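Q: Pasting a structure here, questions to come.
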Amino acid sequence: MDSGTAYGRAAGSYRKELTEVGAGTPMGELLRRYWHPIGLTSSLNGNPAKVKILGEELIAFRDGQGKPGLVRPRCAHRGASLYYGKVEERGIRCCYHGWLWDVQGHCLEQPCEERGGTNLERVRQPWYPVAERYGLVFAYLGPPAKKPVLPRYDCLEELAAGEFIEADDSSIGGGGPALIPCNWLQHWENVVDPFHVPVLHGSFSGAQFVAQMGAMPKVKFDTTPRGVKVESLRAAEGGKLHRRVTEVVMPTLRVVPNPRVAKYGRVESIGWVLPIDDTSFRIYVAGRVTEKGELGRFRSKMAGKSWSELSEEEHRRYPGDYEAQTSQGPITLHSEEHLSGSDGGVARLRRFLEAQLKIVAAGGDPACVAFNEADAYVRLEACQMLMDATAAA
Ligand code: FES
Ligand SMILES: [Fe+2]
């Protein structure tokens, strides 16, 4: 008799507590303990912009004094959307009756009311704190009493002569649209999955990175106070060893040395995986560069073409990160998986997240949250180097 056929198999399921990010869900509450990038500093201007983050639809704007703001779209007067508002010197004015709100939701004017409104302080437009750093606009959507300081990362703070920070908002490694239609964790787990590099990026679709990355690495997974770390060793020219360390760091940081250039040293950029909702995410990146536009030039080419230039048939023939990760489904079915030894990073990351969920549920503060500037400096281990084979033994 045939065994293992598809007939009669139960429908698969996914782990809600690890994937769903809405307010009130376990992961949604964990992620709401951190600052998340919501846009590029350069793209926030005097026009109200729709943004969605962690399942919440919001309006971002920059007032005439240069202050960034993030508010609920629904005007606290009678509900018209502030998307149709006008940004002024002191805030955003609703199109319907002209109530003026500042970046912290204070009502400054009610032009239809006598004397421009009396009891202005009785009404507040729901808002979120916003801060800017590294060319990115960050927002904090969590409980006010638990608002941490905005972290600083060594690789973006300690610059060599001629280096500066550039921010970018394009897509995942191999290319794709800005909005990736699958759960954010599928991409975050990919960062601690070094074995997909020689297969997906090294041979299956041709060499998408430098040829060296095509060799099967010797890998060590570790849990750190910040998340999970992966060390990959490969034989390199001249009897040397190529050592590459990548990290995932709370809340959603992807800390990966560029695989396309044989540049050695500490990691040069950080990517933030921003969950838009349960079934889509996008990426923001900040990195040290010496030339404007350098971050964007790191993209892979497949068959000499960028991702958006590929035909459907070419996507099938030269799949990259986008094809692999989105084809796992809107939210991958964990019940259908068979994790193996090479998935050690994925297993560690899930255990790490489970531990963070428990900490928050018990009223504690999760990893990488700091409340004093002095504790907000994060040192990362991610790097790429050539070393003597004997040094690694
Ligand atoms: S609904 Fe916004 S001012 Fe009336
Ligand atoms: Fe990849």
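Chain identifiers are assigned as A, B, and so on, following the order in which chains appear in the structure tokens; residues are numbered from 1 within each chain, and ligands are numbered from 1 in order of appearance.
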Residues within 6 Å of stretch 144-150 of chain A, please, as number ranges by chain. Count only C-alpha atoms; anything in the same chain fewer than 2 positions from it doesn't count.

A: A: 369-371

Q: Determine, for each residue of chain A having at least one atom at most 8 Å from an atom of ligand 2, the closest pair of atoms and their separation in Å to one decimal, counting only C-alpha atoms and all ligand atoms; order by chain and ascending number, as JSON lines.

A:
```
{"residue": "A:Gly173", "atom": "CA", "partner": "ligand 2", "partner_atom_place_in_ligand_line": "1 (Fe)", "distance": 6.0}
{"residue": "A:Gly174", "atom": "CA", "partner": "ligand 2", "partner_atom_place_in_ligand_line": "1 (Fe)", "distance": 6.8}
{"residue": "A:Asn190", "atom": "CA", "partner": "ligand 2", "partner_atom_place_in_ligand_line": "1 (Fe)", "distance": 6.5}
{"residue": "A:Val191", "atom": "CA", "partner": "ligand 2", "partner_atom_place_in_ligand_line": "1 (Fe)", "distance": 7.3}
{"residue": "A:His196", "atom": "CA", "partner": "ligand 2", "partner_atom_place_in_ligand_line": "1 (Fe)", "distance": 6.6}
{"residue": "A:Val197", "atom": "CA", "partner": "ligand 2", "partner_atom_place_in_ligand_line": "1 (Fe)", "distance": 6.0}
{"residue": "A:Leu200", "atom": "CA", "partner": "ligand 2", "partner_atom_place_in_ligand_line": "1 (Fe)", "distance": 7.2}
{"residue": "A:His201", "atom": "CA", "partner": "ligand 2", "partner_atom_place_in_ligand_line": "1 (Fe)", "distance": 6.6}
{"residue": "A:Gly320", "atom": "CA", "partner": "ligand 2", "partner_atom_place_in_ligand_line": "1 (Fe)", "distance": 6.9}
{"residue": "A:Asp321", "atom": "CA", "partner": "ligand 2", "partner_atom_place_in_ligand_line": "1 (Fe)", "distance": 4.9}
```

Q: Store the residues of this selection in a file with N, CA, C and O atoms, as a PDB file, in the first residue's frame.

A:
```pdb
ATOM      1  N   GLY A 173      17.137  41.047   0.420  1.00  0.00           N
ATOM      2  CA  GLY A 173      18.413  40.783  -0.236  1.00  0.00           C
ATOM      3  C   GLY A 173      18.402  40.696  -1.743  1.00  0.00           C
ATOM      4  O   GLY A 173      18.965  41.546  -2.432  1.00  0.00           O
ATOM      5  N   GLY A 174      17.795  39.682  -2.273  1.00  0.00           N
ATOM      6  CA  GLY A 174      17.871  39.450  -3.710  1.00  0.00           C
ATOM      7  C   GLY A 174      17.006  40.370  -4.538  1.00  0.00           C
ATOM      8  O   GLY A 174      17.007  40.285  -5.764  1.00  0.00           O
ATOM      9  N   ASN A 190      15.289  33.837   8.151  1.00  0.00           N
ATOM     10  CA  ASN A 190      16.221  33.633   7.026  1.00  0.00           C
ATOM     11  C   ASN A 190      17.628  34.138   7.362  1.00  0.00           C
ATOM     12  O   ASN A 190      18.635  33.619   6.874  1.00  0.00           O
ATOM     13  N   VAL A 191      17.701  35.150   8.245  1.00  0.00           N
ATOM     14  CA  VAL A 191      18.999  35.737   8.607  1.00  0.00           C
ATOM     15  C   VAL A 191      19.870  34.729   9.375  1.00  0.00           C
ATOM     16  O   VAL A 191      21.089  34.772   9.306  1.00  0.00           O
ATOM     17  N   HIS A 196      21.076  28.315   3.515  1.00  0.00           N
ATOM     18  CA  HIS A 196      20.383  28.625   2.253  1.00  0.00           C
ATOM     19  C   HIS A 196      21.313  29.407   1.318  1.00  0.00           C
ATOM     20  O   HIS A 196      21.057  29.461   0.114  1.00  0.00           O
ATOM     21  N   VAL A 197      22.391  29.971   1.881  1.00  0.00           N
ATOM     22  CA  VAL A 197      23.272  30.811   1.058  1.00  0.00           C
ATOM     23  C   VAL A 197      23.945  30.009  -0.065  1.00  0.00           C
ATOM     24  O   VAL A 197      23.819  30.372  -1.237  1.00  0.00           O
ATOM     25  N   LEU A 200      20.481  28.486  -2.350  1.00  0.00           N
ATOM     26  CA  LEU A 200      19.667  29.468  -3.088  1.00  0.00           C
ATOM     27  C   LEU A 200      20.528  30.514  -3.800  1.00  0.00           C
ATOM     28  O   LEU A 200      20.272  30.858  -4.945  1.00  0.00           O
ATOM     29  N   HIS A 201      21.538  31.018  -3.081  1.00  0.00           N
ATOM     30  CA  HIS A 201      22.319  32.127  -3.653  1.00  0.00           C
ATOM     31  C   HIS A 201      23.623  31.678  -4.308  1.00  0.00           C
ATOM     32  O   HIS A 201      24.290  32.465  -4.952  1.00  0.00           O
ATOM     33  N   GLY A 320      15.151  33.850  -5.811  1.00  0.00           N
ATOM     34  CA  GLY A 320      16.003  34.442  -4.775  1.00  0.00           C
ATOM     35  C   GLY A 320      15.244  34.457  -3.461  1.00  0.00           C
ATOM     36  O   GLY A 320      14.278  33.701  -3.259  1.00  0.00           O
ATOM     37  N   ASP A 321      15.654  35.343  -2.553  1.00  0.00           N
ATOM     38  CA  ASP A 321      15.010  35.400  -1.237  1.00  0.00           C
ATOM     39  C   ASP A 321      13.506  35.649  -1.343  1.00  0.00           C
ATOM     40  O   ASP A 321      12.716  35.059  -0.612  1.00  0.00           O
TER      41      ASP A 321
END
```

Q: Could I get the residues of chain A with an atom no further than 10 Å from an atom of ligand 1, each paired with its nearest atom pair and that distance in Å to one decimal, using only C-alpha atoms and all ligand atoms, sorted by chain and residue number, as a tab-separated table?

A:
```
residue	atom	partner	partner_atom_place_in_ligand_line	distance
A:Pro73	CA	ligand 1	2 (Fe)	9.9
A:Arg74	CA	ligand 1	2 (Fe)	7.8
A:Cys75	CA	ligand 1	2 (Fe)	4.6
A:Ala76	CA	ligand 1	2 (Fe)	6.5
A:His77	CA	ligand 1	1 (S)	4.6
A:Arg78	CA	ligand 1	1 (S)	3.9
A:Gly79	CA	ligand 1	1 (S)	4.7
A:Ala80	CA	ligand 1	1 (S)	4.4
A:Ser81	CA	ligand 1	2 (Fe)	7.3
A:Leu82	CA	ligand 1	2 (Fe)	7.4
A:Tyr84	CA	ligand 1	2 (Fe)	9.8
A:Gly85	CA	ligand 1	2 (Fe)	8.6
A:Arg93	CA	ligand 1	3 (S)	7.6
A:Cys94	CA	ligand 1	2 (Fe)	4.6
A:Cys95	CA	ligand 1	2 (Fe)	6.4
A:Tyr96	CA	ligand 1	4 (Fe)	4.8
A:His97	CA	ligand 1	3 (S)	3.8
A:Gly98	CA	ligand 1	3 (S)	4.8
A:Trp99	CA	ligand 1	3 (S)	4.3
A:Leu100	CA	ligand 1	3 (S)	7.7
A:Trp101	CA	ligand 1	3 (S)	9.5
A:Glu109	CA	ligand 1	3 (S)	9.5
A:Gln110	CA	ligand 1	3 (S)	7.4
A:Pro111	CA	ligand 1	3 (S)	8.9
A:Cys112	CA	ligand 1	3 (S)	8.9
A:Gln125	CA	ligand 1	2 (Fe)	9.9
```

Q: Mind writing the picked residues with N, CA and C atoms as a short mmCIF file (atom, residue, chain, number, x, y, z; two decimals), in the first residue's frame?

A:
```cif
data_model
loop_
_atom_site.label_atom_id
_atom_site.label_comp_id
_atom_site.auth_asym_id
_atom_site.auth_seq_id
_atom_site.Cartn_x
_atom_site.Cartn_y
_atom_site.Cartn_z
N PRO A 73 -5.42 58.19 12.09
CA PRO A 73 -6.04 58.95 10.99
C PRO A 73 -7.36 59.61 11.40
N ARG A 74 -8.13 58.94 12.24
CA ARG A 74 -9.49 59.38 12.55
C ARG A 74 -9.46 60.60 13.47
N CYS A 75 -9.91 61.73 12.96
CA CYS A 75 -9.90 62.98 13.73
C CYS A 75 -10.75 62.81 14.99
N ALA A 76 -10.24 63.27 16.11
CA ALA A 76 -10.93 63.09 17.38
C ALA A 76 -12.19 63.95 17.48
N HIS A 77 -12.40 64.88 16.53
CA HIS A 77 -13.66 65.63 16.55
C HIS A 77 -14.80 64.73 16.10
N ARG A 78 -14.90 64.50 14.78
CA ARG A 78 -15.98 63.62 14.32
C ARG A 78 -15.53 62.65 13.26
N GLY A 79 -14.22 62.37 13.23
CA GLY A 79 -13.78 61.19 12.50
C GLY A 79 -13.31 61.32 11.07
N ALA A 80 -13.25 62.53 10.52
CA ALA A 80 -12.70 62.64 9.15
C ALA A 80 -11.23 62.23 9.19
N SER A 81 -10.72 61.74 8.08
CA SER A 81 -9.33 61.27 8.10
C SER A 81 -8.35 62.43 7.96
N LEU A 82 -7.34 62.41 8.80
CA LEU A 82 -6.30 63.44 8.72
C LEU A 82 -5.41 63.25 7.50
N TYR A 84 -6.50 63.69 4.73
CA TYR A 84 -6.92 64.84 3.92
C TYR A 84 -6.62 66.16 4.62
N GLY A 85 -5.88 66.07 5.73
CA GLY A 85 -5.55 67.29 6.46
C GLY A 85 -4.48 68.09 5.77
N ARG A 93 -3.99 70.15 10.28
CA ARG A 93 -5.35 70.68 10.41
C ARG A 93 -6.32 69.78 9.66
N CYS A 94 -7.38 69.36 10.35
CA CYS A 94 -8.39 68.48 9.75
C CYS A 94 -9.18 69.25 8.68
N CYS A 95 -9.48 68.52 7.58
CA CYS A 95 -10.16 69.17 6.46
C CYS A 95 -11.62 69.50 6.77
N TYR A 96 -12.21 68.80 7.74
CA TYR A 96 -13.67 68.89 7.88
C TYR A 96 -14.12 70.16 8.62
N HIS A 97 -13.60 70.38 9.84
CA HIS A 97 -13.97 71.58 10.59
C HIS A 97 -12.76 72.36 11.06
N GLY A 98 -11.59 71.94 10.56
CA GLY A 98 -10.39 72.75 10.77
C GLY A 98 -9.72 72.64 12.13
N TRP A 99 -10.06 71.64 12.90
CA TRP A 99 -9.37 71.51 14.18
C TRP A 99 -7.88 71.26 13.89
N LEU A 100 -7.04 71.93 14.68
CA LEU A 100 -5.59 71.84 14.46
C LEU A 100 -4.95 71.03 15.58
N TRP A 101 -4.20 70.01 15.20
CA TRP A 101 -3.56 69.10 16.16
C TRP A 101 -2.05 69.21 16.07
N GLU A 109 -6.50 74.57 17.93
CA GLU A 109 -7.54 75.48 17.43
C GLU A 109 -8.80 74.71 17.07
N GLN A 110 -9.95 75.35 17.30
CA GLN A 110 -11.25 74.82 16.84
C GLN A 110 -11.98 76.00 16.21
N PRO A 111 -11.70 76.28 14.95
CA PRO A 111 -12.14 77.54 14.35
C PRO A 111 -13.66 77.73 14.29
N CYS A 112 -14.46 76.66 14.36
CA CYS A 112 -15.91 76.82 14.29
C CYS A 112 -16.50 77.15 15.66
N GLN A 125 -5.95 64.13 20.15
CA GLN A 125 -5.84 63.24 18.99
C GLN A 125 -4.85 62.13 19.36
#
```

Q: Quick check, in Å to one decimal: how far apart do atom CA of A:Glu268 and atom CA of A:Gly287 lie?

A: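 Computed distance, atom CA of A:Glu268 to atom CA of A:Gly287, equals 5.6 Å.
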
Q: For the interface of stretch 258-362 of chain A with stretch 373-391 of chain A (cut-off 7 Å, counting only C-alpha atoms), please tabulate each contacting residue of stretch 258-362 of chain A alongside its nearest pair of atoms and their separation in Å to one decimal, rows sorted by chain and increasing number, as JSON lines.

A:
```
{"residue": "A:Tyr264", "atom": "CA", "partner": "A:Met385", "partner_atom": "CA", "distance": 4.8}
{"residue": "A:Gly265", "atom": "CA", "partner": "A:Gln384", "partner_atom": "CA", "distance": 5.5}
{"residue": "A:Arg266", "atom": "CA", "partner": "A:Cys383", "partner_atom": "CA", "distance": 4.1}
{"residue": "A:Val267", "atom": "CA", "partner": "A:Cys383", "partner_atom": "CA", "distance": 4.7}
```

Q: Mind listing the helix (DSSP H, G or I) residues of stretch 191-336 of chain A, per DSSP on the backbone, as a ChimeraX atom specification?

A: /A:191,196-201,211-214,237-239,296-298,307-309,312-317,321-326,334-336

Q: Write the residues you've just listed into a file as a short mmCIF file (atom, residue, chain, number, x, y, z; two decimals), in the first residue's frame, and include C-alpha atoms for each of them.

A:
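Dumped to part-v8.cif:
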```cif
data_model
loop_
_atom_site.label_atom_id
_atom_site.label_comp_id
_atom_site.auth_asym_id
_atom_site.auth_seq_id
_atom_site.Cartn_x
_atom_site.Cartn_y
_atom_site.Cartn_z
CA VAL A 191 19.00 35.74 8.61
CA HIS A 196 20.38 28.62 2.25
CA VAL A 197 23.27 30.81 1.06
CA PRO A 198 25.25 28.13 -0.83
CA VAL A 199 22.04 26.62 -2.22
CA LEU A 200 19.67 29.47 -3.09
CA HIS A 201 22.32 32.13 -3.65
CA ALA A 211 31.71 32.96 -5.62
CA GLN A 212 33.20 32.30 -2.19
CA MET A 213 29.71 32.23 -0.65
CA GLY A 214 28.88 29.17 -2.76
CA GLU A 237 42.28 31.25 -1.00
CA GLY A 238 45.83 30.88 0.29
CA GLY A 239 44.88 28.34 2.95
CA GLY A 296 21.33 50.54 -3.25
CA ARG A 297 24.14 49.25 -5.42
CA PHE A 298 24.54 46.11 -3.30
CA TRP A 307 14.54 41.51 -9.73
CA SER A 308 11.87 43.77 -11.23
CA GLU A 309 13.17 43.19 -14.76
CA GLU A 312 7.73 35.14 -14.59
CA GLU A 313 9.71 32.36 -16.25
CA GLU A 314 12.99 33.93 -15.10
CA HIS A 315 11.69 34.27 -11.55
CA ARG A 316 11.02 30.54 -11.66
CA ARG A 317 14.44 29.77 -13.11
CA ASP A 321 15.01 35.40 -1.24
CA TYR A 322 11.70 36.88 -2.36
CA GLU A 323 10.55 33.74 -4.15
CA ALA A 324 11.73 31.39 -1.39
CA GLN A 325 10.24 33.33 1.49
CA THR A 326 6.92 34.47 0.03
CA HIS A 334 4.76 25.57 11.38
CA SER A 335 2.84 22.35 11.90
CA GLU A 336 4.02 21.14 8.48
#
```

Q: Record the distance separating atom CA of A:Lys16 and atom CA of A:Ser327, expressed in Å with one decimal.

A: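 These atoms are spaced 18.7 Å apart.
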
Q: Restricting the calculation to only C-alpha atoms, which member of A:Val360, A:Pro37, A:Arg288, A:Gly116 is positioned closest to A:Thr25?

A: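 The shortest atom-to-atom distance to A:Thr25 comes from A:Val360.
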